[in-house]
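The block underneath contains the structure these notes are about, expressed in structure tokens.
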Amino acid sequence: MKNRPVVIVTGASRGIGAWIARWVSSAGANVVMTARSHNDLLSLEKEIRTDGSFSMPITCDISDPNACVDVVEKVKKQFGRIDALVNNAGILEPISKIADCDPEQFKQNICVNLLGPFYMIRQTISALRKSNGRVINISSGAAIKPIASWSAYCAAKAGLTHLTRVLASEEPSITAISVRPGVVDTQMQALIREKGPTAMPPELSKYFINLKQQGKLEPPWVPARSIAWLAMNAPPELSGEFIEYDDPKIFKPAKDFFGDAH
Ligand SMILES: NC(=O)c1ccc[n+]([C@@H]2O[C@H](COP(=O)([O-])OP(=O)(O)OC[C@H]3O[C@@H](n4cnc5c(N)ncnc54)[C@H](OP(=O)(O)O)[C@@H]3O)[C@@H](O)[C@H]2O)c1
């Protein structure tokens with residue numbers, strides 16, 4: 001157990017994050033899974049343990065800086081090393097025009113999507129320097145495309161993507177990459193379909209509903225596989241890049257390394 005790489009995955013209770021945890025543990029990593037939903041983390045831990053790998057669930061609200069400090073201290077105490085941090089936890093809301101946006105909700109979005117990753121990076125940086133480790137930040141197409149009614153999310157993901165570039169330029173021994181996971185069949189998309197018709201421009205809301213109806217959403221295990229591969233093997237020359245999950249540079253080696261979900 002001691003010689004295995006240690007990978008922290010935030011937002012691992014469901015969706016893309018749960019699949020990142022499954023993939024990295026299937027490759028023999030010790031995986032630390034964080035989120036607020038304690039029972040979901042315990043279920044995933046049980047599943048992964050049955051598979052023979054070691055995992056550590058830690059309940060944590062990523063927007064709380066002290067909670068992030070506690071997580072990293074627990075990981076260091078348990079394993080004595082950190083090889084990769086995957087900042088995956090994220091929220092979409094508020095969904096509303098800037099003119100109508102609730103300031104507290106806007107602030108909460110930035111706290112989860114941008115400050116949470118910052119807290120986790122800051123706390124893990126010394127351990128990651130020692131391991132020549134990796135930071136994989138889960139961004140979004142919304143980081144570069146303005147999406148009406150998603151102002152906080154767009155701003156937070158743009159900030160996260162640029163934070164990744166700054167990290168890459170400051171820390172030559174750490175490989176820092178931001179990833180766009182595509183449009184993925186998770187609770188976040190279910191929320192868009194539920195709230196979109198009353199909160200988003202009609203064409204945009206219809207676009208997401210159609211993607212689901214036409215079976216065009218990506219299952220979460222697919223982008224998670226590319227992200228898990230980066231967490232385990234990201235080439236240092238990619239540091240600072242903003243990469244699509246299906247970019248052949250990462251998609252093919254990830255498929256060759258892990259195979260398909262079963
Ligand atoms: N789905 C898409 O189409 C899509 C597209 C582009 C980018 N993304 C990005 O991909 C990442 C994963 O999203 P997903 O689609 O898998 O969404 P999801 O199913 O809603 O999962 C979000 C995860 O984040 C965790 N989380 C939310 N708030 C948190 C908080 N305050 N503290 C700790 N954990 C928190 C959730 O756990 P708890 O609720 O248990 O805390 C959950 O595990 C996000 O960063 C999202 O922005 C998704």
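Residues are named by chain letter and number: chains run A, B, ... in the order of the structure tokens, numbers start at 1 in each chain, and ligands are numbered from 1 in the order shown.
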
Show me, as a PDB file with N, CA and C atoms, in the first residue's frame, the residues that have an atom within 8 Å of stretch 26-32 of chain A when counting only C-alpha atoms, minus same-chain residues fewer than 5 positions from it.
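And here is the file that came out, selection-v5.pdb:
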ATOM      1  N   MET A   1       0.839  -1.218   0.000  1.00  0.00           N
ATOM      2  CA  MET A   1       0.000   0.000   0.000  1.00  0.00           C
ATOM      3  C   MET A   1       0.869   1.261   0.000  1.00  0.00           C
ATOM      4  N   ARG A   4       2.252   2.661  -3.427  1.00  0.00           N
ATOM      5  CA  ARG A   4       1.311   3.022  -4.492  1.00  0.00           C
ATOM      6  C   ARG A   4       1.157   4.539  -4.597  1.00  0.00           C
ATOM      7  N   PRO A   5       0.897   5.056  -5.821  1.00  0.00           N
ATOM      8  CA  PRO A   5       0.634   6.490  -5.924  1.00  0.00           C
ATOM      9  C   PRO A   5      -0.642   6.873  -5.170  1.00  0.00           C
ATOM     10  N   VAL A   6      -0.657   8.095  -4.660  1.00  0.00           N
ATOM     11  CA  VAL A   6      -1.817   8.596  -3.913  1.00  0.00           C
ATOM     12  C   VAL A   6      -2.478   9.708  -4.725  1.00  0.00           C
ATOM     13  N   VAL A   7      -3.755   9.513  -5.020  1.00  0.00           N
ATOM     14  CA  VAL A   7      -4.498  10.473  -5.853  1.00  0.00           C
ATOM     15  C   VAL A   7      -5.694  10.993  -5.056  1.00  0.00           C
ATOM     16  N   ILE A   8      -5.795  12.303  -4.916  1.00  0.00           N
ATOM     17  CA  ILE A   8      -6.972  12.914  -4.261  1.00  0.00           C
ATOM     18  C   ILE A   8      -7.957  13.331  -5.350  1.00  0.00           C
ATOM     19  N   VAL A   9      -9.213  12.901  -5.197  1.00  0.00           N
ATOM     20  CA  VAL A   9     -10.260  13.297  -6.149  1.00  0.00           C
ATOM     21  C   VAL A   9     -11.347  14.028  -5.370  1.00  0.00           C
ATOM     22  N   ALA A  21     -12.344   8.183  -9.559  1.00  0.00           N
ATOM     23  CA  ALA A  21     -11.882   7.374  -8.417  1.00  0.00           C
ATOM     24  C   ALA A  21     -11.831   5.893  -8.800  1.00  0.00           C
ATOM     25  N   ASP A  51     -12.986  -4.449  -5.082  1.00  0.00           N
ATOM     26  CA  ASP A  51     -12.097  -4.600  -6.228  1.00  0.00           C
ATOM     27  C   ASP A  51     -10.642  -4.829  -5.795  1.00  0.00           C
ATOM     28  N   SER A  53      -8.613  -2.626  -4.094  1.00  0.00           N
ATOM     29  CA  SER A  53      -7.766  -1.439  -3.938  1.00  0.00           C
ATOM     30  C   SER A  53      -8.085  -0.729  -2.623  1.00  0.00           C
ATOM     31  N   PHE A  54      -7.202   0.198  -2.228  1.00  0.00           N
ATOM     32  CA  PHE A  54      -7.408   0.922  -0.982  1.00  0.00           C
ATOM     33  C   PHE A  54      -7.944   2.314  -1.279  1.00  0.00           C
ATOM     34  N   SER A  55      -8.972   2.716  -0.564  1.00  0.00           N
ATOM     35  CA  SER A  55      -9.491   4.069  -0.762  1.00  0.00           C
ATOM     36  C   SER A  55      -9.802   4.687   0.593  1.00  0.00           C
ATOM     37  N   MET A  56      -9.794   6.027   0.599  1.00  0.00           N
ATOM     38  CA  MET A  56     -10.010   6.754   1.849  1.00  0.00           C
ATOM     39  C   MET A  56     -11.076   7.826   1.594  1.00  0.00           C
ATOM     40  N   PRO A  57     -12.299   7.624   2.132  1.00  0.00           N
ATOM     41  CA  PRO A  57     -13.334   8.647   1.951  1.00  0.00           C
ATOM     42  C   PRO A  57     -13.200   9.727   3.029  1.00  0.00           C
ATOM     43  N   ILE A  58     -13.252  10.983   2.630  1.00  0.00           N
ATOM     44  CA  ILE A  58     -13.217  12.072   3.616  1.00  0.00           C
ATOM     45  C   ILE A  58     -14.332  13.059   3.283  1.00  0.00           C
ATOM     46  N   VAL A  75      -4.435  13.027   4.733  1.00  0.00           N
ATOM     47  CA  VAL A  75      -3.815  12.247   3.643  1.00  0.00           C
ATOM     48  C   VAL A  75      -2.318  12.099   3.905  1.00  0.00           C
ATOM     49  N   PHE A 258      -6.504   1.838 -19.770  1.00  0.00           N
ATOM     50  CA  PHE A 258      -7.580   1.345 -18.896  1.00  0.00           C
ATOM     51  C   PHE A 258      -8.538   0.378 -19.588  1.00  0.00           C
TER      52      PHE A 258
END

Within 6 Å of ligand 1, which residues of chain A come that close, and what is the closest atom pair and distance in Å for each? Count only C-alpha atoms and all ligand atoms and give it as a tab-separated table.
residue	atom	partner	partner_atom_place_in_ligand_line	distance
A:Gly11	CA	ligand 1	43 (O)	3.3
A:Ala12	CA	ligand 1	43 (O)	4.5
A:Ser13	CA	ligand 1	43 (O)	4.0
A:Arg14	CA	ligand 1	43 (O)	4.7
A:Gly15	CA	ligand 1	16 (O)	3.6
A:Ile16	CA	ligand 1	16 (O)	3.9
A:Gly17	CA	ligand 1	16 (O)	5.7
A:Ala35	CA	ligand 1	34 (N)	3.9
A:Arg36	CA	ligand 1	41 (O)	3.5
A:Ser37	CA	ligand 1	40 (O)	3.6
A:Cys60	CA	ligand 1	33 (C)	5.7
A:Asp61	CA	ligand 1	32 (N)	3.5
A:Ile62	CA	ligand 1	32 (N)	3.9
A:Ser63	CA	ligand 1	31 (N)	5.4
A:Asn88	CA	ligand 1	45 (O)	4.5
A:Ala89	CA	ligand 1	24 (O)	3.4
A:Gly90	CA	ligand 1	45 (O)	3.7
A:Ile91	CA	ligand 1	27 (C)	5.3
A:Val112	CA	ligand 1	31 (N)	5.4
A:Ile138	CA	ligand 1	45 (O)	5.2
A:Ser139	CA	ligand 1	7 (C)	5.6
A:Ser140	CA	ligand 1	6 (C)	4.2
A:Pro181	CA	ligand 1	6 (C)	5.3
A:Gly182	CA	ligand 1	5 (C)	5.4
A:Val183	CA	ligand 1	3 (O)	3.6
A:Val184	CA	ligand 1	3 (O)	3.7
A:Asp185	CA	ligand 1	1 (N)	5.9
A:Thr186	CA	ligand 1	19 (O)	4.6
A:Gln187	CA	ligand 1	19 (O)	4.2
A:Met188	CA	ligand 1	20 (O)	4.3
A:Gln189	CA	ligand 1	1 (N)	5.4

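For the choices A:Leu167, A:Met200, A:Ala152, A:Ile136, the atom-to-atom distance to A:Ile243 is smallest for A:Ile136 when using only C-alpha atoms.
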
Just to confirm, what's the straight-line distance from atom CA of A:Ile110 to atom CA of A:Val69 in Å (one decimal)?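 One can read the atom CA of A:Ile110 to atom CA of A:Val69 distance as 18.6 Å.
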
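If you measure from each of A:Ala158, A:Lys252, A:Val179, A:Ile227 to A:Lys145 using only C-alpha atoms, the closest one turns out to be A:Ala158.
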
So that I can check the secondary structure, give me every residue of stretch 38-202 of chain A assigned helix (DSSP H, G or I) by backbone DSSP, as a PyMOL selection string. chain A and resi 38-50+65-79+98-100+103-131+141-143+151-170+187-199+202

Å distance separating atom CA of A:Met232 from atom CA of A:Arg129, one decimal place: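 Value for the atom CA of A:Met232-atom CA of A:Arg129 distance: 15.3 Å.
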
Nearest residue to A:Ala155 from the set A:Ile174, A:Val24, A:Leu92, A:Leu238 (distances using only C-alpha atoms):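 When distances to A:Ala155 are compared using only C-alpha atoms, the smallest one comes from A:Leu92.
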
With a distance cut-off of 10 Å and only C-alpha atoms, select the neighbouring residues of A:Pro248, excluding the residue or stretch itself and same-chain residues fewer than 5 positions from it, and output the selection as a VMD selection string. chain A and resid 226 253 to 254

Nearest to A:Arg22, restricted to only C-alpha atoms and choosing among A:Phe251, A:Tyr153, A:Phe242, A:Trp221, comes out as A:Trp221

Between atom CA of A:Leu42 and atom CA of A:Ser25, what distance in Å does the model show, to one decimal?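 Separation between atom CA of A:Leu42 and atom CA of A:Ser25: 14.9 Å.
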
Counting only C-alpha atoms, figure out which residue out of A:Lys255, A:Glu218, A:Phe106, A:Ile121 gets nearest to A:Val86. A:Ile121

If we count only C-alpha atoms, what is near A:Leu128 at a cut-off of 9 Å, once residues fewer than 2 positions away on the same chain are taken out, given as a ChimeraX atom specification? /A:81-85,124-126,130-135,173-174
